[in-house]
>>> print(open('structure.txt').read())   # compact mmCIF, C-alpha atoms
# COMPACT_ATOMS: atom_id res chain seq x y z
CA MET L 1235 0.00 0.00 0.00
CA ALA L 1236 2.85 2.40 0.82
CA SER L 1237 4.40 1.82 -2.62
CA THR L 1238 1.03 2.59 -4.25
CA GLN L 1239 0.84 5.89 -2.41
CA PHE L 1240 4.41 6.68 -3.41
CA ILE L 1241 3.59 6.03 -7.08
CA PHE L 1242 0.44 8.15 -6.79
CA PHE L 1243 2.29 11.15 -5.37
CA ALA L 1244 5.21 10.73 -7.77
CA ILE L 1245 2.85 10.87 -10.75
CA LEU L 1246 1.03 13.83 -9.24
CA ALA L 1247 4.29 15.71 -8.70
CA ILE L 1248 5.33 15.12 -12.31
CA LEU L 1249 2.02 16.02 -13.96
CA ALA L 1250 0.66 18.84 -11.78
CA PRO L 1251 2.90 21.68 -13.09
CA SER L 1252 2.02 20.97 -16.71
CA ILE L 1253 -1.69 21.01 -15.91
CA LEU L 1254 -1.45 24.43 -14.27
CA ALA L 1255 0.74 25.98 -17.00
CA LYS L 1256 -0.95 27.94 -19.75
CA ASP L 1257 -0.22 28.78 -23.36
CA ILE L 1258 -0.42 32.55 -23.79
CA LYS L 1259 -0.96 33.82 -27.33
CA VAL L 1260 0.98 37.08 -27.50
CA GLY L 1261 -1.33 39.86 -28.72
CA ASP L 1262 -4.38 37.58 -28.50
CA ASP L 1263 -6.24 37.77 -31.86
CA LYS L 1264 -3.81 40.36 -33.28
CA GLY L 1265 -0.86 38.02 -32.84
CA TRP L 1266 2.72 39.29 -33.18
CA THR L 1267 2.55 42.32 -35.45
CA ASN L 1268 3.71 45.91 -35.63
CA ASN L 1269 1.70 48.98 -34.60
CA PHE L 1270 0.23 47.21 -31.58
CA ASP L 1271 0.74 48.18 -27.93
CA TYR L 1272 2.14 45.02 -26.34
CA GLN L 1273 2.81 46.80 -23.06
CA ALA L 1274 -0.89 47.64 -22.73
CA TRP L 1275 -1.73 44.07 -23.76
CA ALA L 1276 0.56 42.59 -21.08
CA LYS L 1277 -0.64 44.94 -18.34
CA GLY L 1278 -2.74 43.04 -15.80
CA LYS L 1279 -1.80 39.64 -17.21
CA GLU L 1280 -0.03 37.14 -15.01
CA PHE L 1281 2.96 35.25 -16.41
CA VAL L 1282 4.20 32.33 -14.33
CA VAL L 1283 7.12 29.91 -14.61
CA GLY L 1284 5.85 26.97 -16.67
CA ASP L 1285 3.69 29.12 -18.95
CA LYS L 1286 4.45 29.31 -22.67
CA LEU L 1287 4.42 32.44 -24.81
CA VAL L 1288 3.14 31.72 -28.31
CA PHE L 1289 4.07 34.23 -31.01
CA ILE L 1290 1.81 33.86 -34.07
CA TYR L 1291 2.62 35.79 -37.28
CA PRO L 1292 2.95 35.20 -41.03
CA GLN L 1293 6.29 33.43 -41.53
CA GLY L 1294 8.78 35.76 -43.18
CA ASP L 1295 7.01 38.95 -42.05
CA HIS L 1296 8.41 39.06 -38.50
CA ASN L 1297 10.65 37.22 -36.05
CA VAL L 1298 11.11 37.01 -32.28
CA ILE L 1299 14.38 37.78 -30.54
CA LYS L 1300 15.00 37.55 -26.80
CA VAL L 1301 16.94 40.60 -25.59
CA ASP L 1302 17.95 42.22 -22.31
CA GLY L 1303 16.53 45.46 -20.92
CA SER L 1304 18.99 47.62 -22.82
CA GLY L 1305 18.33 45.78 -26.09
CA PHE L 1306 14.62 46.26 -25.48
CA GLN L 1307 14.96 50.03 -24.96
CA GLN L 1308 17.27 50.48 -27.95
CA CYS L 1309 15.63 47.83 -30.18
CA VAL L 1310 18.99 46.12 -30.65
CA ALA L 1311 19.50 42.35 -30.63
CA PRO L 1312 22.70 40.81 -29.25
CA ALA L 1313 25.24 39.85 -31.92
CA ASN L 1314 24.84 36.14 -31.14
CA ALA L 1315 21.02 36.18 -31.02
CA GLU L 1316 19.24 33.56 -33.08
CA PRO L 1317 15.82 34.85 -34.08
CA LEU L 1318 12.79 32.58 -34.00
CA THR L 1319 11.22 32.63 -37.45
CA THR L 1320 8.57 29.91 -37.79
CA GLY L 1321 5.52 32.14 -37.41
CA ASN L 1322 4.36 29.89 -34.58
CA ASP L 1323 7.16 30.38 -32.07
CA VAL L 1324 6.82 29.02 -28.55
CA ILE L 1325 8.94 30.27 -25.67
CA ASN L 1326 8.84 28.31 -22.42
CA LEU L 1327 9.01 30.56 -19.37
CA THR L 1328 11.47 28.55 -17.29
CA SER L 1329 12.60 31.17 -14.79
CA SER L 1330 11.13 34.13 -12.94
CA GLY L 1331 12.09 37.75 -13.56
CA GLN L 1332 11.99 40.31 -16.34
CA LYS L 1333 11.84 39.04 -19.94
CA TRP L 1334 12.13 41.14 -23.10
CA TYR L 1335 11.34 40.28 -26.73
CA ILE L 1336 11.57 42.29 -29.94
CA CYS L 1337 10.99 41.87 -33.66
CA GLY L 1338 14.31 42.21 -35.48
CA VAL L 1339 12.83 42.67 -38.96
CA SER L 1340 13.42 46.08 -40.56
CA LYS L 1341 12.40 48.79 -38.08
CA HIS L 1342 9.41 46.90 -36.64
CA CYS L 1343 10.69 47.40 -33.09
CA GLU L 1344 11.72 51.07 -33.41
CA SER L 1345 8.92 52.38 -35.62
CA GLY L 1346 6.23 49.75 -35.18
CA ASN L 1347 6.57 49.28 -31.41
CA GLN L 1348 6.83 45.50 -31.93
CA LYS L 1349 8.33 44.63 -28.58
CA LEU L 1350 7.17 42.95 -25.40
CA ALA L 1351 8.38 43.23 -21.81
CA ILE L 1352 6.92 40.99 -19.11
CA THR L 1353 7.60 39.97 -15.54
CA VAL L 1354 7.44 36.24 -14.86
CA ALA L 1355 6.43 35.16 -11.36
CA ALA L 1356 7.72 32.00 -9.70
CA GLU L 1357 4.16 30.94 -8.93
CA SER L 1358 0.64 32.17 -9.48
CA SER L 1359 -0.65 34.78 -7.07
CA SER L 1360 -4.25 34.50 -8.21
CA SER L 1361 -6.71 31.73 -7.61
CA SER L 1362 -6.57 28.82 -10.04
CA PRO L 1363 -8.46 29.37 -13.28
CA PRO L 1364 -11.37 27.01 -13.97
CA SER L 1365 -9.46 25.06 -16.65
CA ALA L 1366 -6.63 24.38 -14.21
CA ILE L 1367 -9.11 23.21 -11.58
CA MET L 1368 -10.79 20.89 -14.08
CA GLY L 1369 -7.38 19.57 -15.13
CA SER L 1370 -6.51 18.88 -11.50
CA VAL L 1371 -9.84 17.11 -10.92
CA MET L 1372 -9.28 15.01 -14.03
CA LEU L 1373 -5.75 14.14 -12.91
CA MET L 1374 -6.99 13.10 -9.48
CA ALA L 1375 -9.69 10.91 -11.05
CA ILE L 1376 -7.18 9.21 -13.34
CA LEU L 1377 -4.73 8.64 -10.52
CA SER L 1378 -7.50 7.24 -8.31
CA ILE L 1379 -8.39 4.73 -11.01
CA ILE L 1380 -4.73 3.75 -11.36
CA MET L 1381 -4.47 3.26 -7.60
CA MET L 1382 -7.59 1.05 -7.55
CA MET L 1383 -6.15 -1.07 -10.36
CA MET L 1384 -2.91 -1.55 -8.46
CA VAL L 1385 -4.59 -2.77 -5.26
>>> encode(input="structure.txt", output="structure tokens")
Amino acid sequence: MASTQFIFFAILAILAPSILAKDIKVGDDKGWTNNFDYQAWAKGKEFVVGDKLVFIYPQGDHNVIKVDGSGFQQCVAPANAEPLTTGNDVINLTSSGQKWYICGVSKHCESGNQKLAITVAAESSSSSPPSAIMGSVMLMAILSIIMMMMV
């Protein structure tokens, strides 16, 4: 019985973070484009370690480059930066703190304001969203079934 409980909690520990993480489409329906206020878009949103930023744009029209605060202010990418260019770019938020992203195409960052600055929290400060709660309930149900099968 003790080994069954261990397996149950081990599975829960592995799966729980992925259930609570969310995919965040940058710019919502506008996607990643120029002449859009990404700072206003990000205001009031919560970004947490484990979440994923999804940058959607027509491939070839834009790119996504991770920069530091200075690169963000000056719209300058580091010399060794490798831009993301698929048009469906996913960035996993793996650590807390400030994060900055720009478009390195033409003058999209300077003239088109195509840049995003966010603060990533270590954990959520708000109550769990309904989808996360449902995911947790589903996980618990599945794990309960597994435990019954093992007994």
>>> residues_around(input="structure.txt", residues="range 1341-1351 of chain L", least_positions_apart="4", cutoff="9 Å", atoms="all atoms listed in the file", output="ChimeraX atom specification")
/L:1260,1266-1273,1276,1296,1298,1303,1306,1308-1310,1332-1337
>>> atom_distance(input="structure.txt", atom1="CA of Leu1287 in chain L", atom2="CA of Lys1259 in chain L")
6.1 Å
>>> residues_around(input="structure.txt", residues="Ser1358 in chain L", least_positions_apart="5", cutoff="9 Å", atoms="all atoms listed in the file", output="count of residues only")
4
>>> closest_residue(input="structure.txt", among="L:Thr1319, L:Gly1284, L:Phe1289, L:Lys1279", to="Asp1263 in chain L", atoms="only C-alpha atoms")
L:Phe1289
>>> closest_residue(input="structure.txt", among="L:Leu1318, L:Thr1353, L:Val1301, L:Lys1286", to="Ala1255 in chain L", atoms="all atoms listed in the file")
L:Lys1286
>>> atom_distance(input="structure.txt", atom1="CA of Asp1262 in chain L", atom2="CA of Tyr1291 in chain L")
11.4 Å
>>> residues_near_point(input="structure.txt", point="(20.9, 40.2, -29.4)", cutoff="8 Å", atoms="all atoms listed in the file", output="number ranges by chain")
L: 1299-1302, 1305, 1310-1316
>>> atom_distance(input="structure.txt", atom1="CA of Gly1338 in chain L", atom2="CA of Ala1356 in chain L")
28.5 Å
>>> closest_residue(input="structure.txt", among="L:Ala1274, L:Asp1295, L:Glu1357, L:Val1288", to="Val1324 in chain L", atoms="only C-alpha atoms")
L:Val1288
>>> closest_residue(input="structure.txt", among="L:Ile1352, L:Pro1292, L:Asn1297, L:Ser1330", to="Lys1264 in chain L", atoms="only C-alpha atoms")
L:Pro1292
>>> closest_residue(input="structure.txt", among="L:Gly1261, L:Pro1317, L:Gln1307, L:Trp1275", to="Gly1294 in chain L", atoms="all atoms listed in the file")
L:Pro1317
